[in-house]
Amino acid sequence: MTMASSSPSSPTATASHQARGERTILSVPEHTVEVVSDSGEGAQKCAQIFGRVSAKMGNGVWTVEIIPAEIQPPARTPESASGNRIRIGTRPVTNWGDDANVVVAFNEQVLLHRHRLGALAEDAIILIEDQWATHDDPDIRKAWADAMDELGARPYRFIHVPMEQECLTLTDSPRRGKNMFALGLLAWVYSRDLDKIRELIAQEFRRKAQALYDMNVALLELGHRWAEEHLDFRIHVPAIEADRPRVVMNGNQALAMGAIAAGMELCAMYPITPATSASHYLSDIFERFGGIVHQAEDEIAAAGVAVGASFAGKVAFTITSGPGLALKTEFIGLAVMTEIPLVVVDVQRGGPSTGLPTKVEQGDLLAALFGQPGDAPHVVLAPATMEECFLCMTTARRIAEAFRCVVIVLSDANLATGVQPFPRPEVNEQWLAQSPDLSPVREGLRPYEWDRERGLSRRIIPGQPGGMHTVTGLSHDEWSHVGYTPDVHERGCVMRSRKLAVFQQMLKPPQVHGDEAGDLLVVGWGSTLGAIEEAADRAREEGLAVSSLHLRFLSPLEPGLKEIFRRFKKVMTVEINYSDDPGDPYITEENRRRGQLCWLLRAQTLLDIDCWTRVPGEPLRPGQILQAIRAHVPQEVSR
Amino acid sequence: MTDQGCSLLSCGLEEDRELTMADYESALARWCPGCGDHAILTATQRLLETEQLPPEQTVFVSGIGCASRFPHYVNTYGFHGIHGRALPVATGIKLRRPDLHVFVVMGDGDCCSIGAAHWVHTTRYNPDLVALMLDNGVYGLTKNQTSPTSPKGKPSNTQPRGAILPPMNPLSATLGVTNASFVAQTGDWVPAHLYETLLAAFRHRGFAFVRILQRCPQYTTDLFEGAVRDPGLIELLVHPDGVSVPELGRIYKNQVRHDPADLDAARRLAEADGKIRLGVLYRNETLPVYEETRAVPPRSHAEKLALLNTELDRYAV
């Protein structure tokens, strides 16, 4: 990234130096920290606690996991890099930012990985375990030396920290304890509240054993002391007291808790990354709420069990990722055809096929919309923040029931594993599902008594006397009788489609972020909200007439889009999915394959909408988007 | 009951009325004349009458194929879903609505081919429901393709020079699965045995798997023809804990006393060549039933909201 030199978070740019002894205190509005280790060394735990304590102290926080694909990849290799990026700020933080300003690295190989990805600021301060420089193994010493040569190409500031050597004074297995030592370092550098950290460590370990807790706290304090004695700088990111109580969690936890808040009673799933952690969380707590997680034999069965429970009047959902969505396709079509309410959550990852199991992509949009053979109208919505992950589950459930339809919720790996504080939801009884009505059915009520205009009909549930009928995936009439005549099939299609139109008219037009008119409108969906808005804000600060718009409903699309788009000279989507770049070999205006939202908006509005998309397997950085904005603002009007 | 909609009974106004076979009849069955499914439908309706199952408390779930038209012909709730996937749907119903009586009707393609994973795993979950596998050894609805139970050498449209592989054995396959709790075999042409087997399956606590040998007059006319004409090719498994139909003794001379509690003997009988064996091979009511294992106390809205707030406290900053 080239943003570092102008970044407000760079100490050299805007730091206010305050001498206290020989120490420099850098006061900055925001800062980005990375902790990276070999997989299994606990960098993630260290970083998660750092993020949570920062949230507790009132800072804005956004964390992103750095995850290797394997559980235990070979140690001391770039591929093994595991950890987190934590961006903290005085104001709310909405994305993972551009470059890391401070890095704690447990070895030089995992650091190399981040360096090669361009994840580090030019002037990043790197706290690195230095035992490798003098290791007994000559291959390791050589690897260290080679890496240092490569890293030396940039003006990073290295601070050697004898982490293992220090930890050995307290424990025989320093490899397991280093992460708490590292947390102590960061706690000192950023003046984190040690008592709050001890509380979080207690939540983590005291349940397991007091001795484990004591050891972790001792290591934390050791790191803290080491930093105090050896470091010549501290970083101050002021915090603002929140005016409302807040909670902090990742998107999958928020989805799972949202499912409970929506009154769901069954989560049917099959393990798949990055969706599974939501089920882990639910498996832990759901039964207390009267719900269960059913781990099915496969993705198809998971959908089938959810459909069965929903047919029987219980509120059920199934959760998966891209490959699982593909397998559930036939059941989704069946639920559409039989008008059985169903919520399907797709926590997207890189595709196609097995793709990038642990990494982010927004590649399932069109599959979610059009995956089913035949005409299968249903609702697709996409939360953009952790808070929306929570809230959208209630919305999804209510839509599914009110419209007897399928609702697909598109989250992604960025939301799933990212942690952000948000206002504590005020729980509301209206969110919860009602118990199924098992009262007798009035004589003559048909199972699909479609309102002629709206296509809506009342659902009859097994157990209701007098309501007996057989639902079928075959084309059927209002009695649910199989019928192959042209009018029966046409009518069924019209009724199922009409519901979506009725729903669309209930939606509000989306709000433009920035001016209502201008040169360029950037349109996004899902987890890119924060990065896009930050980029658009920076562009406006540069004098460009740029606004952004974020869509939550993708099917049906929110109303008024065409009018909004017309107020801008150019409209461009920014997405994490594949598109051809104009100017690439063989790519023409005619054959260019565009981003998925772009494709959809062009089809729906007949406007010449452009796109800028990337598939790096990581969240977009606001600086990247800003560059794309600069390149795409219509030339004749840009300065 | 009227042919559609609501009767006095089903509206709950006349709860003591006795239900008759006619109360369970729905649309006229459209299987071919001579199809074994007609007899299976009748035996099932007889079972419903015997057990006086309230139609609104009963659900028939099916997949796709000739057999899977079954729910349309029974006046209960029905779910005619997608090929091979009846068992997960039925599991989902039973899991959260254990008050409903759930029957699954599927064909050999449904169960043993496209839905084989669900067959294995539903056996292992052991939900309390009845699964009827109507086995005619062919794909009928799609017009004569080889099925997993087609006899080796039997020509079809997809294997015109004869089925390439030996047929799989659904009985030994089911008996090989952990938690198998009820496995029986019967034939559509022995209505008394068919009925008694369905009754035993319904009364079993757990997943009752019944393979019903079913004649297809269109594509596999000769599959069971010999056994239909010559009772000597049949061997009845009899036991007080299994199915016993004394009057069948006059026709079916080959009778073997088999204790359905004996899993090893059941597996040997399922594998043995020669005769077609009808009866209950295995029955074990001591195995855990999935929806009972997974039962959780329901929560009121007030309780849920209080618990939710407690949970949110854990994440408070």
# chains A, B, ... in the order shown; residues from 1 in each chain; ligands from 1
call {"tool": "closest_atom_pairs", "arguments": {"of": "chain B", "to": "chain A", "cutoff": "6 Å", "atoms": "only C-alpha atoms", "output": "tab-separated table"}}
result
residue	atom	partner	partner_atom	distance
B:Gly5	CA	A:Gly444	CA	5.3
B:Cys6	CA	A:Gly466	CA	4.1
B:Ser10	CA	A:Pro465	CA	4.7
B:Cys11	CA	A:Pro465	CA	5.4
B:Glu56	CA	A:Gly463	CA	4.8
B:Gln57	CA	A:Gly463	CA	4.9
B:His72	CA	A:Thr470	CA	5.9
B:Thr76	CA	A:Met468	CA	5.2
B:Tyr77	CA	A:Met468	CA	4.7
B:Gly78	CA	A:Thr470	CA	3.8
B:Phe79	CA	A:Val471	CA	5.0
B:His80	CA	A:Thr472	CA	4.6
B:Gly81	CA	A:Gly473	CA	5.7
B:Pro88	CA	A:Val305	CA	4.9
B:Val89	CA	A:Gly308	CA	4.2
B:Gly92	CA	A:Val305	CA	3.9
B:Ile93	CA	A:Ala309	CA	4.6
B:Val296	CA	A:Gly290	CA	5.5
B:Pro297	CA	A:Gly290	CA	5.7
B:Pro298	CA	A:Gly290	CA	4.7
B:Arg299	CA	A:Gly290	CA	5.5
B:Lys304	CA	A:Phe289	CA	5.9
B:Tyr315	CA	A:Val247	CA	5.0
B:Ala316	CA	A:Val247	CA	4.1
B:Val317	CA	A:Lys56	CA	4.4
call {"tool": "write_last_selection", "arguments": {"atoms": "C-alpha atoms", "output": "short mmCIF file (atom, residue, chain, number, x, y, z; two decimals), in the first residue's frame"}}
result
data_model
loop_
_atom_site.label_atom_id
_atom_site.label_comp_id
_atom_site.auth_asym_id
_atom_site.auth_seq_id
_atom_site.Cartn_x
_atom_site.Cartn_y
_atom_site.Cartn_z
CA GLY B 5 -61.51 -29.80 3.43
CA CYS B 6 -63.28 -30.09 6.69
CA SER B 10 -61.88 -32.93 11.79
CA CYS B 11 -63.25 -29.66 13.07
CA GLU B 56 -54.61 -34.03 11.10
CA GLN B 57 -52.00 -35.59 13.38
CA HIS B 72 -51.63 -37.59 -2.52
CA THR B 76 -53.72 -36.83 6.02
CA TYR B 77 -51.10 -34.12 5.84
CA GLY B 78 -48.59 -34.94 3.13
CA PHE B 79 -45.23 -33.82 1.86
CA HIS B 80 -44.33 -34.84 -1.68
CA GLY B 81 -40.80 -33.51 -1.90
CA PRO B 88 -34.42 -35.60 6.18
CA VAL B 89 -37.78 -33.86 5.81
CA GLY B 92 -37.12 -32.44 10.66
CA ILE B 93 -40.85 -32.85 11.24
CA VAL B 296 -35.31 -29.57 25.19
CA PRO B 297 -37.72 -27.84 27.53
CA PRO B 298 -39.67 -25.14 25.69
CA ARG B 299 -39.16 -21.57 26.85
CA LYS B 304 -36.15 -16.24 26.25
CA TYR B 315 -20.52 -9.49 25.47
CA ALA B 316 -21.08 -6.12 27.10
CA VAL B 317 -18.21 -3.65 26.96
#
call {"tool": "residues_around", "arguments": {"residues": "A:Thr605", "least_positions_apart": "6", "cutoff": "10 Å", "atoms": "only C-alpha atoms", "output": "PDB file with N, CA and C atoms, in the first residue's frame"}}
result
ATOM      1  N   LEU A 561     -33.598   3.166  -7.025  1.00  0.00           N
ATOM      2  CA  LEU A 561     -32.177   3.132  -7.399  1.00  0.00           C
ATOM      3  C   LEU A 561     -31.914   3.936  -8.665  1.00  0.00           C
ATOM      4  N   LYS A 562     -32.794   3.792  -9.629  1.00  0.00           N
ATOM      5  CA  LYS A 562     -32.553   4.445 -10.912  1.00  0.00           C
ATOM      6  C   LYS A 562     -32.514   5.967 -10.743  1.00  0.00           C
ATOM      7  N   GLU A 563     -33.433   6.476  -9.932  1.00  0.00           N
ATOM      8  CA  GLU A 563     -33.445   7.933  -9.714  1.00  0.00           C
ATOM      9  C   GLU A 563     -32.154   8.387  -9.024  1.00  0.00           C
ATOM     10  N   PHE A 565     -29.217   6.864  -9.100  1.00  0.00           N
ATOM     11  CA  PHE A 565     -28.089   6.705 -10.026  1.00  0.00           C
ATOM     12  C   PHE A 565     -28.023   7.854 -11.034  1.00  0.00           C
TER      13      PHE A 565
END
call {"tool": "select_by_dssp", "arguments": {"residues": "stretch 49-104 of chain A", "states": "helix (DSSP H, G or I)", "output": "JSON, numbers by chain"}}
result
{"A": [49, 50, 51, 52, 53, 54, 55, 56, 78, 79, 80]}
call {"tool": "write_last_selection", "arguments": {"atoms": "N, CA and C atoms", "output": "PDB file, in the first residue's frame"}}
result
ATOM      1  N   ILE A  49      -8.101 -10.569  22.791  1.00  0.00           N
ATOM      2  CA  ILE A  49      -8.211  -9.901  24.094  1.00  0.00           C
ATOM      3  C   ILE A  49      -7.830  -8.426  23.954  1.00  0.00           C
ATOM      4  N   PHE A  50      -6.809  -8.161  23.163  1.00  0.00           N
ATOM      5  CA  PHE A  50      -6.417  -6.768  22.935  1.00  0.00           C
ATOM      6  C   PHE A  50      -7.579  -5.981  22.323  1.00  0.00           C
ATOM      7  N   GLY A  51      -8.240  -6.599  21.348  1.00  0.00           N
ATOM      8  CA  GLY A  51      -9.381  -5.940  20.709  1.00  0.00           C
ATOM      9  C   GLY A  51     -10.515  -5.708  21.692  1.00  0.00           C
ATOM     10  N   ARG A  52     -10.806  -6.724  22.493  1.00  0.00           N
ATOM     11  CA  ARG A  52     -11.942  -6.592  23.414  1.00  0.00           C
ATOM     12  C   ARG A  52     -11.662  -5.574  24.508  1.00  0.00           C
ATOM     13  N   VAL A  53     -10.420  -5.554  25.004  1.00  0.00           N
ATOM     14  CA  VAL A  53     -10.133  -4.588  26.057  1.00  0.00           C
ATOM     15  C   VAL A  53     -10.176  -3.169  25.483  1.00  0.00           C
ATOM     16  N   SER A  54      -9.765  -3.033  24.241  1.00  0.00           N
ATOM     17  CA  SER A  54      -9.830  -1.712  23.608  1.00  0.00           C
ATOM     18  C   SER A  54     -11.278  -1.259  23.475  1.00  0.00           C
ATOM     19  N   ALA A  55     -12.150  -2.212  23.108  1.00  0.00           N
ATOM     20  CA  ALA A  55     -13.582  -1.887  23.017  1.00  0.00           C
ATOM     21  C   ALA A  55     -14.121  -1.510  24.391  1.00  0.00           C
ATOM     22  N   LYS A  56     -13.713  -2.270  25.395  1.00  0.00           N
ATOM     23  CA  LYS A  56     -14.188  -1.982  26.756  1.00  0.00           C
ATOM     24  C   LYS A  56     -13.721  -0.610  27.225  1.00  0.00           C
ATOM     25  N   PRO A  78       5.957 -18.929   5.816  1.00  0.00           N
ATOM     26  CA  PRO A  78       5.027 -17.823   5.579  1.00  0.00           C
ATOM     27  C   PRO A  78       3.571 -18.292   5.581  1.00  0.00           C
ATOM     28  N   GLU A  79       3.334 -19.514   5.083  1.00  0.00           N
ATOM     29  CA  GLU A  79       1.951 -20.016   4.997  1.00  0.00           C
ATOM     30  C   GLU A  79       1.361 -20.258   6.384  1.00  0.00           C
ATOM     31  N   SER A  80       2.222 -20.352   7.365  1.00  0.00           N
ATOM     32  CA  SER A  80       1.753 -20.671   8.712  1.00  0.00           C
ATOM     33  C   SER A  80       1.181 -19.452   9.435  1.00  0.00           C
TER      34      SER A  80
END
call {"tool": "select_by_dssp", "arguments": {"residues": "stretch 474-577 of chain A", "states": "strand (DSSP E)", "output": "list in words"}}
result
Val512, His513, Gly518, Asp519, Leu520, Leu521, Val522, Val523, Gly524, Trp525, Val546, Ser547, Ser548, Leu549, His550, Leu551, Phe553, Leu554, Ser555, Phe568, Lys569, Lys570, Val571, Met572, Thr573, Val574 and Glu575 of chain A
call {"tool": "write_last_selection", "arguments": {"atoms": "C-alpha atoms", "output": "JSON list (two decimals), in the first residue's frame"}}
result
[["chain", "number", "residue", "atom", "x", "y", "z"],
["A", 512, "VAL", "CA", -26.86, 7.99, -0.08],
["A", 513, "HIS", "CA", -23.70, 8.44, 2.01],
["A", 518, "GLY", "CA", -22.17, 14.28, -7.90],
["A", 519, "ASP", "CA", -19.63, 12.86, -10.29],
["A", 520, "LEU", "CA", -19.27, 9.32, -9.00],
["A", 521, "LEU", "CA", -21.50, 7.06, -6.94],
["A", 522, "VAL", "CA", -19.84, 3.98, -5.46],
["A", 523, "VAL", "CA", -22.33, 1.19, -4.82],
["A", 524, "GLY", "CA", -21.59, -1.76, -2.56],
["A", 525, "TRP", "CA", -23.20, -4.49, -0.52],
["A", 546, "VAL", "CA", -17.99, 11.17, -4.73],
["A", 547, "SER", "CA", -20.77, 9.55, -2.72],
["A", 548, "SER", "CA", -21.55, 5.97, -1.84],
["A", 549, "LEU", "CA", -24.63, 3.80, -1.56],
["A", 550, "HIS", "CA", -24.92, 0.47, 0.22],
["A", 551, "LEU", "CA", -27.62, -2.06, -0.54],
["A", 553, "PHE", "CA", -31.70, -6.07, -0.14],
["A", 554, "LEU", "CA", -30.46, -7.69, -3.32],
["A", 555, "SER", "CA", -33.69, -9.49, -4.18],
["A", 568, "PHE", "CA", -24.44, 10.99, -10.69],
["A", 569, "LYS", "CA", -22.31, 11.26, -13.80],
["A", 570, "LYS", "CA", -21.02, 7.78, -13.18],
["A", 571, "VAL", "CA", -22.03, 4.80, -11.06],
["A", 572, "MET", "CA", -19.56, 2.09, -10.12],
["A", 573, "THR", "CA", -19.92, -0.93, -7.90],
["A", 574, "VAL", "CA", -17.08, -2.01, -5.61],
["A", 575, "GLU", "CA", -17.20, -5.69, -4.75]]
call {"tool": "closest_residue", "arguments": {"among": "B:Ile276, B:Ile114, B:Leu194, B:Met168", "to": "B:Leu132", "atoms": "only C-alpha atoms"}}
result
B:Leu194
call {"tool": "residues_around", "arguments": {"residues": "B:Arg268", "least_positions_apart": "6", "cutoff": "12 Å", "atoms": "only C-alpha atoms", "output": "ChimeraX atom specification"}}
result
/B:171-172,175-176,258,262,277,281-282
call {"tool": "residues_around", "arguments": {"residues": "stretch 164-171 of chain A", "least_positions_apart": "4", "cutoff": "9 Å", "atoms": "only C-alpha atoms", "output": "PDB file with C-alpha atoms, in the first residue's frame"}}
result
ATOM      1  CA  GLU A 129      11.047 -12.554  18.733  1.00  0.00           C
ATOM      2  CA  ASP A 130      14.800 -12.655  18.117  1.00  0.00           C
ATOM      3  CA  GLN A 131      15.817 -16.128  19.328  1.00  0.00           C
ATOM      4  CA  ARG A 175       5.691 -21.602  23.133  1.00  0.00           C
ATOM      5  CA  GLY A 177       2.772 -18.653  26.942  1.00  0.00           C
ATOM      6  CA  LYS A 178       4.352 -16.189  24.559  1.00  0.00           C
ATOM      7  CA  PHE A 181       3.758 -11.952  27.065  1.00  0.00           C
ATOM      8  CA  MET A 215       0.352 -18.335  34.782  1.00  0.00           C
ATOM      9  CA  ALA A 218       2.066 -13.629  35.286  1.00  0.00           C
ATOM     10  CA  LEU A 219       3.178 -13.772  31.661  1.00  0.00           C
ATOM     11  CA  LEU A 222       6.130  -9.968  32.579  1.00  0.00           C
ATOM     12  CA  GLY A 223       5.566  -8.636  29.071  1.00  0.00           C
ATOM     13  CA  TRP A 226       9.679  -5.814  29.820  1.00  0.00           C
TER      14      TRP A 226
END
call {"tool": "residues_around", "arguments": {"residues": "B:Glu49", "least_positions_apart": "3", "cutoff": "6 Å", "atoms": "only C-alpha atoms", "output": "list in words"}}
result
Thr20, Met21, Arg46 and Gln52 of chain B
call {"tool": "closest_residue", "arguments": {"among": "A:Ala275, A:Ile25, A:Ala531, A:Ala69", "to": "A:Leu325", "atoms": "only C-alpha atoms"}}
result
A:Ala275
call {"tool": "atom_distance", "arguments": {"atom1": "atom CA of B:Ser147", "atom2": "atom CA of B:Asp128"}}
result
27.9 Å
call {"tool": "residues_around", "arguments": {"residues": "B:Gln145", "least_positions_apart": "6", "cutoff": "10 Å", "atoms": "only C-alpha atoms", "output": "PyMOL selection string"}}
result
chain B and resi 109+137-139+155-160+163+219
call {"tool": "write_last_selection", "arguments": {"atoms": "C-alpha atoms", "output": "CSV table (one decimal), in the first residue's frame"}}
result
chain,number,residue,atom,x,y,z
B,109,GLY,CA,-34.2,-45.4,-6.3
B,137,GLY,CA,-36.3,-53.2,-8.7
B,138,VAL,CA,-36.6,-50.5,-11.4
B,139,TYR,CA,-37.1,-46.9,-12.1
B,155,PRO,CA,-32.2,-55.4,-19.3
B,156,SER,CA,-33.3,-51.8,-19.0
B,157,ASN,CA,-33.2,-48.6,-21.1
B,158,THR,CA,-29.9,-47.6,-19.4
B,159,GLN,CA,-28.3,-51.1,-19.3
B,160,PRO,CA,-29.9,-52.7,-22.4
B,163,ALA,CA,-27.9,-54.9,-15.3
B,219,TYR,CA,-41.2,-53.1,-16.3
call {"tool": "atom_distance", "arguments": {"atom1": "atom CA of B:His38", "atom2": "atom CA of B:Ile82"}}
result
21.8 Å
call {"tool": "closest_residue", "arguments": {"among": "A:Ala227, A:Val104, A:Ala631, A:Leu600", "to": "A:Ala47", "atoms": "only C-alpha atoms"}}
result
A:Val104
call {"tool": "closest_atom_pairs", "arguments": {"of": "stretch 75-194 of chain A", "to": "stretch 376-389 of chain A", "cutoff": "12 Å", "atoms": "only C-alpha atoms", "output": "tab-separated table"}}
result
residue	atom	partner	partner_atom	distance
A:Val93	CA	A:Thr385	CA	11.0
A:Thr94	CA	A:Thr385	CA	8.1
A:Asn95	CA	A:Thr385	CA	9.6
call {"tool": "atom_distance", "arguments": {"atom1": "atom CA of A:Glu70", "atom2": "atom CA of A:Cys46"}}
result
19.9 Å
